[in-house]
Amino acid sequence: MQQKPLKFDYNSIDEMQIAAKEILPKLVSEYLNAGAGKGITLERNLSSFNNWALIPKRLKGILNPNTGIEMFGHQYSVPFGAAPVGIQGLFHKDAEIATTHACMNHNAPCILSTVSNLKYAEASKSCKVKPWFQLYPTDNFKVTKHLLTAVEEAGAEVIVLTVDVPVLGKRKHNARALLNHPDFRHLSFGNLKGVLNAEDNIHHPGLNWDLFSLIKETTNCKIVVKGIVHPDDAKLCIEHGADGIMISNHGGRQLDSGLSTLDALVKIEPIVPKDYPLFIDSGFRTAEGILKAIILGAKMVFLGRPICYGLAVGGQSGVDHLWKILRQDLERTMRLVGIANLESIDKSQIEKL
Ligand SMILES: Cc1cc2nc3c(=O)[nH]c(=O)nc-3n(C[C@H](O)[C@H](O)[C@H](O)COP(=O)(O)O)c2cc1C
């Protein structure tokens, strides 16, 4: 996609959120920013970072902090990336292709949703390192199998299996209602077109460990389980051969009154092997927050709504800008805290208040 990069002067994700709110239709902005129920989980995700303080070590002579991280055989330049967000055409006409291209420019990991507007093969066509594919296991295994086969044929190497949507959380606006709006009726689900029948359910309340094992047998891709918050489930993921765990509460859009994911990380980290791929999302808006999660044991951090703020303000250029701010801020914060690289983390540099 050829486009002239736009220049922005937003200094933070919060500023991008304010700008996006002015640009997006009210209905879309509310759909994007809301949490489930009273928004208690949503609020906890955002506020729990304040319960932790970073404690710098000085005189370490760090000239060029290294933000790179190796994961699943690829060297990424940054430890943060795009969480799966469905229907990105709500936020910009280029939809998921703007996100995959911005991630490619910054060598950041990218996860594409089952309910993307564009088909995985199309959105990932020019990516050298293929995006990970987020799978909603449908209640019709033929559909699930079709999705797994199609994305593997298109080059996917990692499946992110979302397990925290047996049913949709209680939300004021749902995507289905939005797609009935005349402005958005043209948007379709590229991965599901001609595959999902009217009677099939994209959210499978019967999902259990047997189905996990069947999915694992059906694909050669690595499987990351997304939506884990309980240490017992983390143990089961490892016992069942999951290749990674994404601690997530869906950005507070599913169960209300839940733990923040940072608090869940503190419970889960002690039970996973040292180099196990442990990821986290929900509520990350600053480099300090990202660094806190990494010191507490996450290998990578993913962002959902901020991608949509980037899309709203400028499509690919907006997401490029988001990654630029975060990378600059992360390098600055690593220098301030005294961390030269993300592989040699010192746990004494964080404290619960
Ligand atoms: C508008 C929207 C759509 C989402 N769609 C999906 C999806 O299709 N699949 C999925 O696993 N998670 C989905 N999520 C959840 C995100 O992957 C992620 O867990 C969450 O947004 C992280 O929280 P954050 O928005 O505070 O960064 C969606 C989130 C939002 C805000």
# chains A, B, ... in the order shown; residues from 1 in each chain; ligands from 1
>>> residues_near_ligand(ligand="ligand 1", cutoff="7 Å", atoms="only C-alpha atoms and all ligand atoms", output="MDAnalysis selection string")
chainID A and resid 31:33 83:86 113:115 134 162 226 248:252 281:284 302:306
>>> write_last_selection(atoms="N, CA and C atoms", output="PDB file, in the first residue's frame")
ATOM      1  N   TYR A  31     -18.371   2.138  21.440  1.00  0.00           N
ATOM      2  CA  TYR A  31     -18.161   0.688  21.295  1.00  0.00           C
ATOM      3  C   TYR A  31     -16.708   0.327  21.612  1.00  0.00           C
ATOM      4  N   LEU A  32     -15.780   1.147  21.110  1.00  0.00           N
ATOM      5  CA  LEU A  32     -14.350   0.879  21.265  1.00  0.00           C
ATOM      6  C   LEU A  32     -13.897   1.029  22.716  1.00  0.00           C
ATOM      7  N   ASN A  33     -14.319   2.094  23.353  1.00  0.00           N
ATOM      8  CA  ASN A  33     -13.739   2.424  24.658  1.00  0.00           C
ATOM      9  C   ASN A  33     -14.423   1.745  25.835  1.00  0.00           C
ATOM     10  N   ALA A  83      -2.591  -6.344  19.544  1.00  0.00           N
ATOM     11  CA  ALA A  83      -3.524  -7.396  19.967  1.00  0.00           C
ATOM     12  C   ALA A  83      -4.574  -7.567  18.863  1.00  0.00           C
ATOM     13  N   PRO A  84      -5.231  -8.726  18.831  1.00  0.00           N
ATOM     14  CA  PRO A  84      -6.259  -8.898  17.800  1.00  0.00           C
ATOM     15  C   PRO A  84      -7.471  -8.022  18.092  1.00  0.00           C
ATOM     16  N   VAL A  85      -7.841  -7.244  17.113  1.00  0.00           N
ATOM     17  CA  VAL A  85      -9.040  -6.401  17.227  1.00  0.00           C
ATOM     18  C   VAL A  85      -9.843  -6.648  15.962  1.00  0.00           C
ATOM     19  N   GLY A  86     -11.095  -7.082  16.145  1.00  0.00           N
ATOM     20  CA  GLY A  86     -11.930  -7.375  14.981  1.00  0.00           C
ATOM     21  C   GLY A  86     -12.425  -6.109  14.292  1.00  0.00           C
ATOM     22  N   SER A 113      -7.325 -10.832  13.904  1.00  0.00           N
ATOM     23  CA  SER A 113      -8.507 -11.479  14.483  1.00  0.00           C
ATOM     24  C   SER A 113      -9.233 -12.380  13.481  1.00  0.00           C
ATOM     25  N   THR A 114      -9.900 -13.401  14.011  1.00  0.00           N
ATOM     26  CA  THR A 114     -10.828 -14.199  13.189  1.00  0.00           C
ATOM     27  C   THR A 114     -11.843 -13.281  12.507  1.00  0.00           C
ATOM     28  N   VAL A 115     -12.341 -12.283  13.275  1.00  0.00           N
ATOM     29  CA  VAL A 115     -13.390 -11.414  12.729  1.00  0.00           C
ATOM     30  C   VAL A 115     -12.803 -10.128  12.133  1.00  0.00           C
ATOM     31  N   GLN A 134      -5.467 -14.954  15.407  1.00  0.00           N
ATOM     32  CA  GLN A 134      -6.323 -15.194  16.579  1.00  0.00           C
ATOM     33  C   GLN A 134      -7.518 -16.033  16.159  1.00  0.00           C
ATOM     34  N   THR A 162      -8.393 -17.706  21.529  1.00  0.00           N
ATOM     35  CA  THR A 162      -9.066 -16.891  22.551  1.00  0.00           C
ATOM     36  C   THR A 162     -10.060 -17.753  23.320  1.00  0.00           C
ATOM     37  N   LYS A 226      -5.085 -17.352  24.785  1.00  0.00           N
ATOM     38  CA  LYS A 226      -5.343 -15.948  25.176  1.00  0.00           C
ATOM     39  C   LYS A 226      -6.587 -15.869  26.064  1.00  0.00           C
ATOM     40  N   SER A 248      -4.892 -12.178  29.750  1.00  0.00           N
ATOM     41  CA  SER A 248      -5.767 -11.157  29.160  1.00  0.00           C
ATOM     42  C   SER A 248      -7.139 -11.243  29.788  1.00  0.00           C
ATOM     43  N   ASN A 249      -7.780 -10.095  29.971  1.00  0.00           N
ATOM     44  CA  ASN A 249      -9.208 -10.109  30.304  1.00  0.00           C
ATOM     45  C   ASN A 249      -9.996  -9.390  29.215  1.00  0.00           C
ATOM     46  N   HIS A 250      -9.438  -9.427  27.993  1.00  0.00           N
ATOM     47  CA  HIS A 250     -10.128  -8.886  26.826  1.00  0.00           C
ATOM     48  C   HIS A 250     -10.315  -7.365  26.978  1.00  0.00           C
ATOM     49  N   GLY A 251      -9.366  -6.727  27.658  1.00  0.00           N
ATOM     50  CA  GLY A 251      -9.479  -5.278  27.840  1.00  0.00           C
ATOM     51  C   GLY A 251     -10.691  -4.898  28.685  1.00  0.00           C
ATOM     52  N   GLY A 252     -11.093  -5.798  29.597  1.00  0.00           N
ATOM     53  CA  GLY A 252     -12.251  -5.503  30.461  1.00  0.00           C
ATOM     54  C   GLY A 252     -13.572  -5.563  29.723  1.00  0.00           C
ATOM     55  N   ASP A 281      -1.890  -8.588  27.861  1.00  0.00           N
ATOM     56  CA  ASP A 281      -2.503  -7.368  27.311  1.00  0.00           C
ATOM     57  C   ASP A 281      -3.533  -6.857  28.304  1.00  0.00           C
ATOM     58  N   SER A 282      -4.178  -5.779  27.962  1.00  0.00           N
ATOM     59  CA  SER A 282      -5.263  -5.130  28.717  1.00  0.00           C
ATOM     60  C   SER A 282      -4.768  -3.958  29.563  1.00  0.00           C
ATOM     61  N   GLY A 283      -4.984  -2.772  29.041  1.00  0.00           N
ATOM     62  CA  GLY A 283      -4.728  -1.557  29.818  1.00  0.00           C
ATOM     63  C   GLY A 283      -3.383  -0.898  29.586  1.00  0.00           C
ATOM     64  N   PHE A 284      -2.564  -1.432  28.683  1.00  0.00           N
ATOM     65  CA  PHE A 284      -1.222  -0.866  28.492  1.00  0.00           C
ATOM     66  C   PHE A 284      -1.293   0.407  27.652  1.00  0.00           C
ATOM     67  N   PHE A 302       0.838  -6.702  24.560  1.00  0.00           N
ATOM     68  CA  PHE A 302       0.029  -6.373  23.379  1.00  0.00           C
ATOM     69  C   PHE A 302      -0.982  -5.276  23.713  1.00  0.00           C
ATOM     70  N   LEU A 303      -1.303  -4.483  22.689  1.00  0.00           N
ATOM     71  CA  LEU A 303      -2.224  -3.354  22.876  1.00  0.00           C
ATOM     72  C   LEU A 303      -3.394  -3.493  21.910  1.00  0.00           C
ATOM     73  N   GLY A 304      -4.609  -3.253  22.414  1.00  0.00           N
ATOM     74  CA  GLY A 304      -5.807  -3.376  21.590  1.00  0.00           C
ATOM     75  C   GLY A 304      -6.341  -2.016  21.163  1.00  0.00           C
ATOM     76  N   ARG A 305      -7.016  -1.321  22.078  1.00  0.00           N
ATOM     77  CA  ARG A 305      -7.643  -0.039  21.704  1.00  0.00           C
ATOM     78  C   ARG A 305      -6.653   0.962  21.109  1.00  0.00           C
ATOM     79  N   PRO A 306      -5.414   1.046  21.641  1.00  0.00           N
ATOM     80  CA  PRO A 306      -4.492   2.030  21.049  1.00  0.00           C
ATOM     81  C   PRO A 306      -4.283   1.857  19.539  1.00  0.00           C
TER      82      PRO A 306
END
>>> residues_around(residues="segment 68-75 of chain A", least_positions_apart="6", cutoff="9 Å", atoms="only C-alpha atoms", output="list of chain:residue names")
A:Asn107, A:Val129, A:Glu157, A:Val158, A:Lys222, A:Pro277, A:Lys299, A:Met300, A:Asn341, A:Leu342, A:Glu343
>>> select_by_dssp(residues="segment 3-202 of chain A", states="alpha helix (DSSP H)", output="MDAnalysis selection string")
chainID A and resid 13:23 26:33 40:47 96:106 120:123 141:153 175:179
>>> residues_around(residues="segment 268-271 of chain A", least_positions_apart="4", cutoff="9 Å", atoms="only C-alpha atoms", output="count of residues only")
13
>>> residues_around(residues="Thr218 of chain A", least_positions_apart="2", cutoff="9 Å", atoms="only C-alpha atoms", output="list in words")
Lys145, Leu148, Thr149, Ser213, Leu214, Ile215, Lys216 and Asn220 of chain A
>>> select_by_dssp(residues="segment 102-202 of chain A", states="strand (DSSP E)", output="short mmCIF file (atom, residue, chain, number, x, y, z; two decimals) with C-alpha atoms, in the first residue's frame")
data_model
loop_
_atom_site.label_atom_id
_atom_site.label_comp_id
_atom_site.auth_asym_id
_atom_site.auth_seq_id
_atom_site.Cartn_x
_atom_site.Cartn_y
_atom_site.Cartn_z
CA ILE A 111 -2.13 -10.55 15.72
CA LEU A 112 -5.03 -10.64 13.25
CA TRP A 132 -0.16 -14.43 14.33
CA PHE A 133 -3.77 -15.52 13.78
CA GLN A 134 -6.32 -15.19 16.58
CA LEU A 135 -8.83 -18.04 16.53
CA VAL A 158 1.24 -18.93 15.46
CA ILE A 159 -2.41 -19.38 16.46
CA VAL A 160 -3.71 -17.31 19.35
CA LEU A 161 -6.67 -19.21 20.73
CA THR A 162 -9.07 -16.89 22.55
#
>>> residues_around(residues="Pro56 of chain A", least_positions_apart="4", cutoff="10 Å", atoms="only C-alpha atoms", output="list in words")
Thr333, Met334, Arg335, Leu336, Val337, Gly338, Ile339, Ser348, Gln349 and Ile350 of chain A
